[in-house]
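Coordinates from model22.txt are shown below (compact mmCIF, C-alpha atoms).
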# COMPACT_ATOMS: atom_id res chain seq x y z
CA MET Y 102 38.56 -22.52 18.53
CA ILE Y 103 35.65 -21.14 20.53
CA HIS Y 104 32.53 -23.21 20.96
CA SER Y 105 29.34 -21.18 21.29
CA LEU Y 106 26.78 -22.57 23.74
CA THR Y 107 24.28 -19.75 23.27
CA ALA Y 108 21.18 -20.51 21.24
CA MET Y 109 20.23 -17.89 18.68
CA SER Y 110 16.84 -16.34 18.06
CA LYS Y 111 14.90 -17.87 15.18
CA GLY Y 112 11.57 -16.14 14.84
CA ASP Y 113 9.58 -16.57 18.03
CA GLU Y 114 11.71 -19.46 19.35
CA LEU Y 115 15.33 -20.30 20.03
CA ASP Y 116 17.44 -21.85 17.30
CA ARG Y 117 19.06 -24.80 19.10
CA ARG Y 118 20.98 -26.19 16.16
CA PHE Y 119 24.54 -27.25 17.02
CA ARG Y 120 27.11 -24.56 16.17
CA LEU Y 121 30.84 -23.96 16.30
CA VAL Y 122 32.80 -20.71 16.21
CA PHE Y 123 36.40 -20.53 14.97
CA GLN Y 124 38.92 -17.70 15.02
CA VAL Y 125 41.19 -17.39 11.96
CA ASP Y 126 44.83 -16.98 13.01
CA GLU Y 127 46.40 -16.74 9.55
CA GLY Y 128 44.72 -15.51 6.37
CA GLY Y 129 45.32 -16.49 2.77
CA ILE Y 130 43.17 -19.64 2.89
CA LEU Y 131 39.76 -20.45 1.44
CA LEU Y 132 36.88 -21.08 3.80
CA ARG Y 133 36.54 -24.66 2.53
CA GLU Y 134 40.19 -25.44 3.27
CA PHE Y 135 39.99 -23.81 6.70
CA LEU Y 136 36.98 -25.88 7.73
CA HIS Y 137 38.55 -29.07 6.38
CA ALA Y 138 41.62 -28.36 8.54
CA LYS Y 139 39.27 -28.12 11.53
CA GLY Y 140 38.08 -31.67 10.91
CA ILE Y 141 34.81 -30.87 9.16
CA SER Y 142 34.29 -33.46 6.46
CA LYS Y 143 33.15 -32.85 2.88
CA ARG Y 144 29.97 -34.78 3.64
CA THR Y 145 29.21 -32.52 6.62
CA LEU Y 146 29.81 -29.38 4.55
CA THR Y 147 27.47 -30.66 1.86
CA ALA Y 148 24.77 -31.40 4.43
CA THR Y 149 25.28 -27.96 5.98
CA LYS Y 150 24.86 -26.29 2.60
CA TYR Y 151 21.82 -28.20 1.37
CA ASP Y 152 19.99 -29.46 4.49
CA GLY Y 153 19.34 -26.30 6.47
CA GLY Y 154 22.69 -25.28 7.92
CA ASP Y 155 24.58 -22.02 7.62
CA ILE Y 156 28.18 -20.79 7.31
CA ARG Y 157 29.00 -17.20 8.22
CA VAL Y 158 32.16 -15.09 8.27
CA ASN Y 159 32.04 -12.07 10.57
CA GLY Y 160 28.26 -12.39 10.68
CA PHE Y 161 27.70 -12.62 6.90
CA GLU Y 162 26.70 -15.75 5.01
CA ARG Y 163 29.53 -16.93 2.76
CA ASN Y 164 30.18 -19.85 0.41
CA VAL Y 165 33.11 -22.22 0.85
CA ARG Y 166 35.22 -20.41 -1.78
CA HIS Y 167 35.36 -17.24 0.31
CA PRO Y 168 38.97 -16.14 1.10
CA LEU Y 169 39.67 -15.67 4.79
CA GLN Y 170 41.78 -13.03 6.51
CA SER Y 171 43.57 -13.10 9.84
CA GLY Y 172 41.17 -12.22 12.65
CA ASP Y 173 38.02 -13.37 10.84
CA GLU Y 174 35.38 -15.19 12.90
CA VAL Y 175 33.86 -18.23 11.23
CA LEU Y 176 30.51 -19.57 12.44
CA ILE Y 177 29.16 -22.89 11.20
CA ILE Y 178 25.59 -23.83 12.12
CA PHE Y 179 24.90 -27.50 11.53
CA PRO Y 180 21.49 -28.54 10.19
CA SER Y 181 18.87 -30.08 12.42
CA GLU Y 182 18.91 -33.87 12.47
CA GLU Y 183 15.92 -36.19 12.58
CA PRO Y 184 15.91 -39.73 13.99
CA SER Y 185 15.98 -42.48 11.39
CA PRO Y 186 12.62 -44.17 10.72
CA GLY Y 187 13.69 -47.27 12.66
CA LEU Y 188 14.51 -45.30 15.81
CA LEU Y 189 11.43 -44.71 17.95
CA PRO Y 190 11.87 -42.11 20.73
CA GLU Y 191 10.80 -43.70 24.02
CA THR Y 192 10.68 -42.78 27.68
CA GLY Y 193 13.14 -44.97 29.52
CA ASP Y 194 15.60 -45.08 32.39
CA LEU Y 195 19.06 -43.72 31.61
CA THR Y 196 22.11 -43.76 33.85
CA ILE Y 197 24.02 -40.77 32.50
CA VAL Y 198 27.67 -40.67 33.51
CA TYR Y 199 28.51 -37.50 31.55
CA GLU Y 200 26.82 -35.13 29.13
CA ASP Y 201 27.66 -31.91 27.33
CA GLU Y 202 26.57 -30.19 24.12
CA ALA Y 203 28.57 -32.62 21.97
CA LEU Y 204 28.16 -36.09 23.45
CA ILE Y 205 26.66 -38.26 26.16
CA ILE Y 206 28.14 -41.20 28.09
CA VAL Y 207 25.57 -43.74 29.33
CA ASP Y 208 25.96 -46.78 31.62
CA LYS Y 209 23.94 -49.52 29.88
CA PRO Y 210 22.56 -52.40 31.96
CA ALA Y 211 22.93 -56.00 30.85
CA GLY Y 212 19.94 -57.29 28.91
CA GLN Y 213 19.28 -54.08 26.97
CA SER Y 214 20.15 -53.75 23.29
CA THR Y 215 22.17 -50.73 22.21
CA ILE Y 216 20.22 -50.07 18.99
CA PRO Y 217 16.89 -51.35 17.63
CA SER Y 218 16.66 -54.28 15.24
CA ARG Y 219 13.85 -55.73 13.16
CA ASP Y 220 13.05 -58.31 15.85
CA HIS Y 221 13.55 -55.93 18.81
CA PRO Y 222 12.51 -52.40 17.77
CA ASN Y 223 11.66 -51.19 21.29
CA GLY Y 224 13.33 -50.74 24.65
CA THR Y 225 16.84 -50.05 23.40
CA MET Y 226 19.36 -47.60 24.79
CA ALA Y 227 19.22 -45.59 21.56
CA ASN Y 228 15.41 -45.32 21.79
CA ALA Y 229 15.67 -43.95 25.32
CA VAL Y 230 18.32 -41.40 24.32
CA ALA Y 231 16.18 -40.34 21.35
CA GLY Y 232 13.27 -39.88 23.75
CA LYS Y 233 15.44 -37.69 25.98
CA PHE Y 234 16.43 -35.52 22.99
CA ALA Y 235 12.79 -35.20 21.92
CA LYS Y 236 11.69 -34.20 25.43
CA GLU Y 237 14.39 -31.52 25.52
CA ARG Y 238 13.43 -30.38 22.00
CA LEU Y 239 17.02 -30.95 20.91
CA PRO Y 240 17.32 -31.04 17.08
CA ALA Y 241 19.70 -34.00 17.18
CA THR Y 242 19.64 -37.72 16.60
CA VAL Y 243 21.54 -40.60 18.17
CA HIS Y 244 25.00 -41.35 16.75
CA VAL Y 245 26.34 -44.42 18.56
CA VAL Y 246 30.14 -44.28 18.74
CA THR Y 247 30.71 -47.42 20.83
CA ARG Y 248 28.25 -50.29 20.86
CA LEU Y 249 27.85 -53.10 23.40
CA ASP Y 250 26.24 -56.50 22.96
CA LYS Y 251 22.84 -56.89 24.61
CA ASP Y 252 24.21 -58.94 27.51
CA THR Y 253 27.33 -56.80 28.03
CA SER Y 254 26.96 -54.01 30.58
CA GLY Y 255 28.79 -50.71 30.90
CA LEU Y 256 29.68 -47.47 29.18
CA ILE Y 257 28.46 -46.39 25.75
CA CYS Y 258 29.52 -43.18 24.00
CA ILE Y 259 26.90 -41.38 21.88
CA ALA Y 260 27.53 -38.29 19.74
CA LYS Y 261 24.79 -35.69 19.37
CA ASN Y 262 25.89 -34.51 15.93
CA ARG Y 263 27.25 -36.13 12.76
CA HIS Y 264 30.35 -33.91 12.93
CA ILE Y 265 31.15 -35.06 16.49
CA HIS Y 266 30.50 -38.66 15.44
CA HIS Y 267 32.94 -38.22 12.55
CA LEU Y 268 35.68 -36.87 14.84
CA LEU Y 269 35.26 -39.66 17.39
CA SER Y 270 35.14 -42.31 14.67
CA GLU Y 271 38.44 -40.96 13.34
CA GLN Y 272 39.92 -41.48 16.80
CA MET Y 273 38.58 -45.03 16.82
CA THR Y 274 40.22 -45.71 13.46
CA ASN Y 275 43.55 -44.27 14.61
CA SER Y 276 43.56 -46.13 17.96
CA GLY Y 277 43.08 -42.91 19.92
CA PHE Y 278 39.98 -44.23 21.64
CA HIS Y 279 40.56 -46.54 24.61
CA ARG Y 280 38.13 -48.80 26.48
CA GLN Y 281 38.76 -51.02 29.47
CA TYR Y 282 36.56 -53.99 30.29
CA ILE Y 283 36.29 -56.24 33.33
CA ALA Y 284 35.50 -59.90 32.68
CA LEU Y 285 35.38 -63.31 34.30
CA VAL Y 286 36.85 -66.04 32.11
CA GLU Y 287 36.99 -69.81 32.38
CA GLY Y 288 40.03 -71.40 34.01
CA HIS Y 289 43.10 -69.89 35.63
CA VAL Y 290 44.95 -67.68 33.13
CA GLU Y 291 48.67 -68.39 33.54
CA ARG Y 292 50.32 -65.17 32.35
CA ASP Y 293 49.65 -62.02 34.37
CA GLN Y 294 49.88 -59.68 31.37
CA PHE Y 295 49.85 -60.25 27.61
CA SER Y 296 48.48 -58.93 24.34
CA ILE Y 297 46.32 -60.77 21.81
CA VAL Y 298 46.93 -59.50 18.29
CA GLN Y 299 44.83 -61.70 16.04
CA PRO Y 300 42.65 -60.78 13.02
CA ILE Y 301 38.91 -61.31 13.37
CA GLY Y 302 36.40 -62.17 10.66
CA ARG Y 303 32.96 -63.68 10.21
CA LYS Y 304 32.62 -67.43 10.67
CA ASP Y 305 31.60 -69.13 7.42
CA GLY Y 306 27.91 -69.97 7.41
CA SER Y 307 27.04 -67.69 10.35
CA ILE Y 308 25.68 -64.14 10.37
CA ILE Y 309 26.49 -63.71 14.07
CA GLU Y 310 29.57 -65.63 15.11
CA ARG Y 311 33.13 -64.37 14.55
CA ILE Y 312 36.43 -66.23 14.63
CA VAL Y 313 40.15 -65.57 14.44
CA ARG Y 314 41.09 -65.98 10.78
CA GLU Y 315 44.04 -64.89 8.65
CA ASP Y 316 41.93 -62.84 6.26
CA GLY Y 317 40.11 -61.03 9.07
CA GLN Y 318 40.48 -57.45 10.29
CA PHE Y 319 43.35 -56.42 12.54
CA ALA Y 320 42.40 -56.59 16.23
CA ARG Y 321 44.38 -56.04 19.43
CA THR Y 322 43.31 -56.78 23.01
CA ASP Y 323 45.58 -56.29 26.05
CA VAL Y 324 44.90 -58.59 29.01
CA GLU Y 325 45.82 -58.15 32.69
CA VAL Y 326 44.99 -60.71 35.37
CA LEU Y 327 43.38 -59.20 38.48
CA CYS Y 328 42.79 -62.38 40.47
CA ARG Y 329 42.28 -66.13 40.10
CA SER Y 330 39.37 -67.73 41.97
CA ASP Y 331 37.64 -71.04 42.72
CA ILE Y 332 33.89 -70.51 42.96
CA LYS Y 333 31.48 -73.40 43.55
CA GLY Y 334 33.58 -75.80 41.53
CA HIS Y 335 34.38 -73.30 38.79
CA GLN Y 336 37.92 -72.09 38.19
CA LEU Y 337 37.64 -68.47 37.05
CA THR Y 338 40.00 -65.56 36.42
CA LYS Y 339 39.01 -61.93 36.77
CA ILE Y 340 40.75 -59.91 34.08
CA ALA Y 341 40.98 -56.34 32.81
CA LEU Y 342 41.02 -55.93 29.03
CA THR Y 343 42.01 -52.85 27.05
CA LEU Y 344 40.73 -52.53 23.48
CA TYR Y 345 42.65 -50.72 20.76
CA THR Y 346 40.26 -51.78 18.00
CA GLY Y 347 36.50 -52.31 17.97
CA ARG Y 348 35.75 -55.51 16.08
CA THR Y 349 32.44 -57.29 16.57
CA HIS Y 350 32.65 -59.67 19.57
CA GLN Y 351 36.38 -58.87 19.83
CA ILE Y 352 36.89 -59.76 23.50
CA ARG Y 353 34.70 -62.84 23.28
CA VAL Y 354 36.54 -64.13 20.20
CA HIS Y 355 40.04 -63.33 21.47
CA MET Y 356 39.48 -64.95 24.86
CA ARG Y 357 38.09 -68.12 23.26
CA TRP Y 358 41.14 -68.19 20.99
CA ALA Y 359 43.34 -67.88 24.11
CA GLY Y 360 41.58 -70.90 25.64
CA HIS Y 361 39.67 -68.93 28.27
CA PRO Y 362 36.15 -68.06 27.05
CA LEU Y 363 34.02 -65.70 29.07
CA HIS Y 364 31.96 -67.34 31.78
CA GLY Y 365 28.32 -67.40 30.69
CA ASP Y 366 29.15 -66.95 27.00
CA ASP Y 367 27.72 -70.13 25.49
CA LEU Y 368 28.15 -68.82 21.92
CA TYR Y 369 31.91 -68.91 22.35
CA GLY Y 370 32.36 -71.90 24.65
CA GLY Y 371 31.75 -70.47 28.10
CA SER Y 372 29.84 -72.42 30.75
CA HIS Y 373 26.81 -71.28 32.76
CA GLY Y 374 26.01 -71.76 36.41
CA LEU Y 375 27.14 -68.60 38.19
CA ILE Y 376 25.76 -65.81 36.00
CA GLY Y 377 22.99 -65.54 33.43
CA ARG Y 378 24.99 -63.73 30.76
CA GLN Y 379 28.53 -63.33 29.50
CA ALA Y 380 30.47 -61.85 32.43
CA LEU Y 381 31.67 -58.74 30.63
CA HIS Y 382 31.45 -55.08 31.64
CA CYS Y 383 32.84 -51.91 29.99
CA ALA Y 384 34.22 -50.01 32.98
CA MET Y 385 36.18 -47.18 31.31
CA ILE Y 386 36.15 -45.08 28.15
CA GLY Y 387 38.92 -42.60 27.34
CA PHE Y 388 39.52 -40.31 24.36
CA LEU Y 389 40.37 -36.76 23.33
CA HIS Y 390 37.33 -34.54 23.62
CA PRO Y 391 36.33 -33.60 20.05
CA LEU Y 392 35.86 -29.90 20.93
CA THR Y 393 38.66 -29.16 23.41
CA SER Y 394 41.20 -31.88 22.42
CA GLU Y 395 41.66 -32.51 26.15
CA LYS Y 396 42.06 -36.09 27.34
CA VAL Y 397 38.90 -37.26 29.10
CA GLU Y 398 38.18 -40.51 30.90
CA PHE Y 399 34.91 -41.89 32.26
CA ARG Y 400 34.35 -44.83 34.60
CA CYS Y 401 31.42 -46.72 36.09
CA ASP Y 402 30.99 -49.34 38.81
CA ILE Y 403 30.95 -53.06 38.17
CA PRO Y 404 27.34 -54.35 38.31
CA LEU Y 405 26.19 -56.52 41.19
CA ASP Y 406 25.96 -59.80 39.26
CA ILE Y 407 29.69 -59.66 38.48
CA LYS Y 408 30.70 -57.95 41.72
CA ARG Y 409 29.18 -60.68 43.88
CA LEU Y 410 31.41 -63.20 42.13
CA THR Y 411 34.56 -61.18 42.78
CA ASN Y 412 34.07 -60.03 46.37
CA THR Y 413 36.55 -60.56 49.16
CA GLU Y 414 34.78 -63.70 50.47
CA ILE Y 415 35.73 -65.69 47.37
CA ASN Y 416 38.63 -68.12 47.72
CA GLN Y 417 41.32 -66.39 45.65
CA THR Y 418 44.50 -68.16 44.55
CA GLN Y 419 47.84 -66.74 43.49

Please render this file's structure as structure tokens.
Amino acid sequence: MIHSLTAMSKGDELDRRFRLVFQVDEGGILLREFLHAKGISKRTLTATKYDGGDIRVNGFERNVRHPLQSGDEVLIIFPSEEPSPGLLPETGDLTIVYEDEALIIVDKPAGQSTIPSRDHPNGTMANAVAGKFAKERLPATVHVVTRLDKDTSGLICIAKNRHIHHLLSEQMTNSGFHRQYIALVEGHVERDQFSIVQPIGRKDGSIIERIVREDGQFARTDVEVLCRSDIKGHQLTKIALTLYTGRTHQIRVHMRWAGHPLHGDDLYGGSHGLIGRQALHCAMIGFLHPLTSEKVEFRCDIPLDIKRLTNTEINQTQ
């Protein structure tokens, strides 16, 4: 597969729609089947056909029933995408860890929502990314692949195209997408390493809170103790957590179930006093790049409010 980065001429301006170029190795296959094998969903093909996209073979427009031959070059131009009505492009600060033509990795501060809601339509990470796209005249919208709670800091992955979002979501479903978090939890965790494999579902009578329940969705969290500390009368443990699934509030629910809620997380039993939020930070995201299939990994620093509670001056116990 060859990915074309060059914009094409479209009248008096450049056509900046997202595009992919494929080389056909073996003939005897219909165009539709070839594109499906490349991970392009039926929904994406339909949108390409009816919403302003284009599919060409050796420079000529073809329909999906066109038979391919070895050596053919297939170009798919994806339609322009517009932000949803609830997403207002805004100018805002962004800490960009990585960006290419397919996706963007952003380090979100604590206190900022990932996406807008009815009560908080402004100031979100998604609004700021949409504003960046609008400023760059990029015909794309914001496809959030990984979402963080408002008071959780760290890395968020955003796709620039519905096809890229589809490919990354498939990895999420098949546990090919890995995230590592750093957290401070209540008490001294006894075991140095363990896994929590407990299903998570909505708590009856609540639209926000989740609990471990037998009829919930499968969820797995791996836990590794980094250090145990005594801080101003609080026994805390600094842990690293690796997620293999992405359930709502997964870490917060699993650590409460384990008897060690996150410090600062009053929704799930954590105490306050040392930090004004749940002490949780997404420090690493790793996955196979949707265009190159190469393994990529991105990291960011722990924010100061958590770092100051885990510095070398703290009385650490074994």

Tell me which protein, DNA and RNA residues are within 9 Å of range 168-174 of chain Y, counting all atoms listed in the file, leaving out same-chain ones fewer than 5 positions away, and put them as a VMD selection string. chain Y and resid 122 to 133 135 157 to 160

Using all atoms listed in the file, which residues sit within 8 Å of range 368-376 of chain Y once same-chain residues fewer than 6 positions away are excluded, as a list in words?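 Listing them by chain and then by number gives Val286, Glu287, Glu310, Arg353, Val354, Arg357, Pro362, Asp406, Ile407 and Leu410 of chain Y.
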
Select, from Y:Ser307, Y:Ser181, Y:Ser330, Y:Ser296, the residue with the minimum atom-to-atom distance to Thr242 in chain Y, counting only C-alpha atoms.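 Smallest separation from Thr242 in chain Y among the options: Y:Ser181.
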
Which value, in Å to one decimal, gives the distance between CA of Pro210 in chain Y and CA of Gln272 in chain Y?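 CA of Gln272 in chain Y lies at a distance of 25.5 Å from CA of Pro210 in chain Y.
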
So the first atom is CA of Ala320 in chain Y and the second is CA of Glu398 in chain Y; what is the distance between them in Å, to one decimal place?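 Separation between CA of Ala320 in chain Y and CA of Glu398 in chain Y: 22.2 Å.
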
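A cut-off of 9 Å from the point (41.2, -58.1, 11.8), with all atoms listed in the file, picks out the residues Y:Val298, Y:Gln299, Y:Pro300, Y:Ile301, Y:Gly302, Y:Val313, Y:Arg314, Y:Glu315, Y:Asp316, Y:Gly317, Y:Gln318, Y:Phe319, Y:Ala320, Y:Arg321, Y:Thr346, Y:Arg348.
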
Looking at all atoms listed in the file, which of Y:Gly154, Y:Lys339, Y:Pro190, Y:Phe295 is the one that sits closest to Gly232 in chain Y?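 The answer is Y:Pro190, which sits nearest to Gly232 in chain Y.
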
Which one of Y:Gly377, Y:Asp305, Y:His279, Y:Ile156 sits closest to Val397 in chain Y if you count all atoms listed in the file?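 Among the listed residues, Y:His279 lies closest to Val397 in chain Y.
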
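Proximity of Y:Ala138, Y:Ile297, Y:Ala384, Y:Val245 to His266 in chain Y, computed with all atoms listed in the file, is greatest for Y:Val245.
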
Find the residue from Y:Leu249, Y:Leu268, Y:Ile257, Y:Leu195 that sits nearest to Thr145 in chain Y; use all atoms listed in the file when measuring. Y:Leu268

Using only C-alpha atoms, the best pick from Y:Arg219, Y:Lys209, Y:Lys304, Y:Leu188 as closest to His244 in chain Y would be Y:Leu188

Show me the residues close to (27.6, -35.1, 28.0) - anything with an atom within 12 Å, counting only C-alpha atoms - and format the list as a list in words. Thr196, Ile197, Val198, Tyr199, Glu200, Asp201, Glu202, Ala203, Leu204, Ile205, Ile206, Val207, Val230, Ile257, Cys258, Ile259, Ala260, Lys261, His390, Pro391, Val397 and Phe399 of chain Y

For the residues in that selection, give me C-alpha atoms as a PDB file, keeping the file's coordinate frame.
ATOM      1  CA  THR Y 196      22.110 -43.760  33.850  1.00  0.00           C
ATOM      2  CA  ILE Y 197      24.020 -40.770  32.500  1.00  0.00           C
ATOM      3  CA  VAL Y 198      27.670 -40.670  33.510  1.00  0.00           C
ATOM      4  CA  TYR Y 199      28.510 -37.500  31.550  1.00  0.00           C
ATOM      5  CA  GLU Y 200      26.820 -35.130  29.130  1.00  0.00           C
ATOM      6  CA  ASP Y 201      27.660 -31.910  27.330  1.00  0.00           C
ATOM      7  CA  GLU Y 202      26.570 -30.190  24.120  1.00  0.00           C
ATOM      8  CA  ALA Y 203      28.570 -32.620  21.970  1.00  0.00           C
ATOM      9  CA  LEU Y 204      28.160 -36.090  23.450  1.00  0.00           C
ATOM     10  CA  ILE Y 205      26.660 -38.260  26.160  1.00  0.00           C
ATOM     11  CA  ILE Y 206      28.140 -41.200  28.090  1.00  0.00           C
ATOM     12  CA  VAL Y 207      25.570 -43.740  29.330  1.00  0.00           C
ATOM     13  CA  VAL Y 230      18.320 -41.400  24.320  1.00  0.00           C
ATOM     14  CA  ILE Y 257      28.460 -46.390  25.750  1.00  0.00           C
ATOM     15  CA  CYS Y 258      29.520 -43.180  24.000  1.00  0.00           C
ATOM     16  CA  ILE Y 259      26.900 -41.380  21.880  1.00  0.00           C
ATOM     17  CA  ALA Y 260      27.530 -38.290  19.740  1.00  0.00           C
ATOM     18  CA  LYS Y 261      24.790 -35.690  19.370  1.00  0.00           C
ATOM     19  CA  HIS Y 390      37.330 -34.540  23.620  1.00  0.00           C
ATOM     20  CA  PRO Y 391      36.330 -33.600  20.050  1.00  0.00           C
ATOM     21  CA  VAL Y 397      38.900 -37.260  29.100  1.00  0.00           C
ATOM     22  CA  PHE Y 399      34.910 -41.890  32.260  1.00  0.00           C
TER      23      PHE Y 399
END

Please compute the CA of Asp152 in chain Y-CA of Ser185 in chain Y distance, one decimal, in Å. 15.3 Å
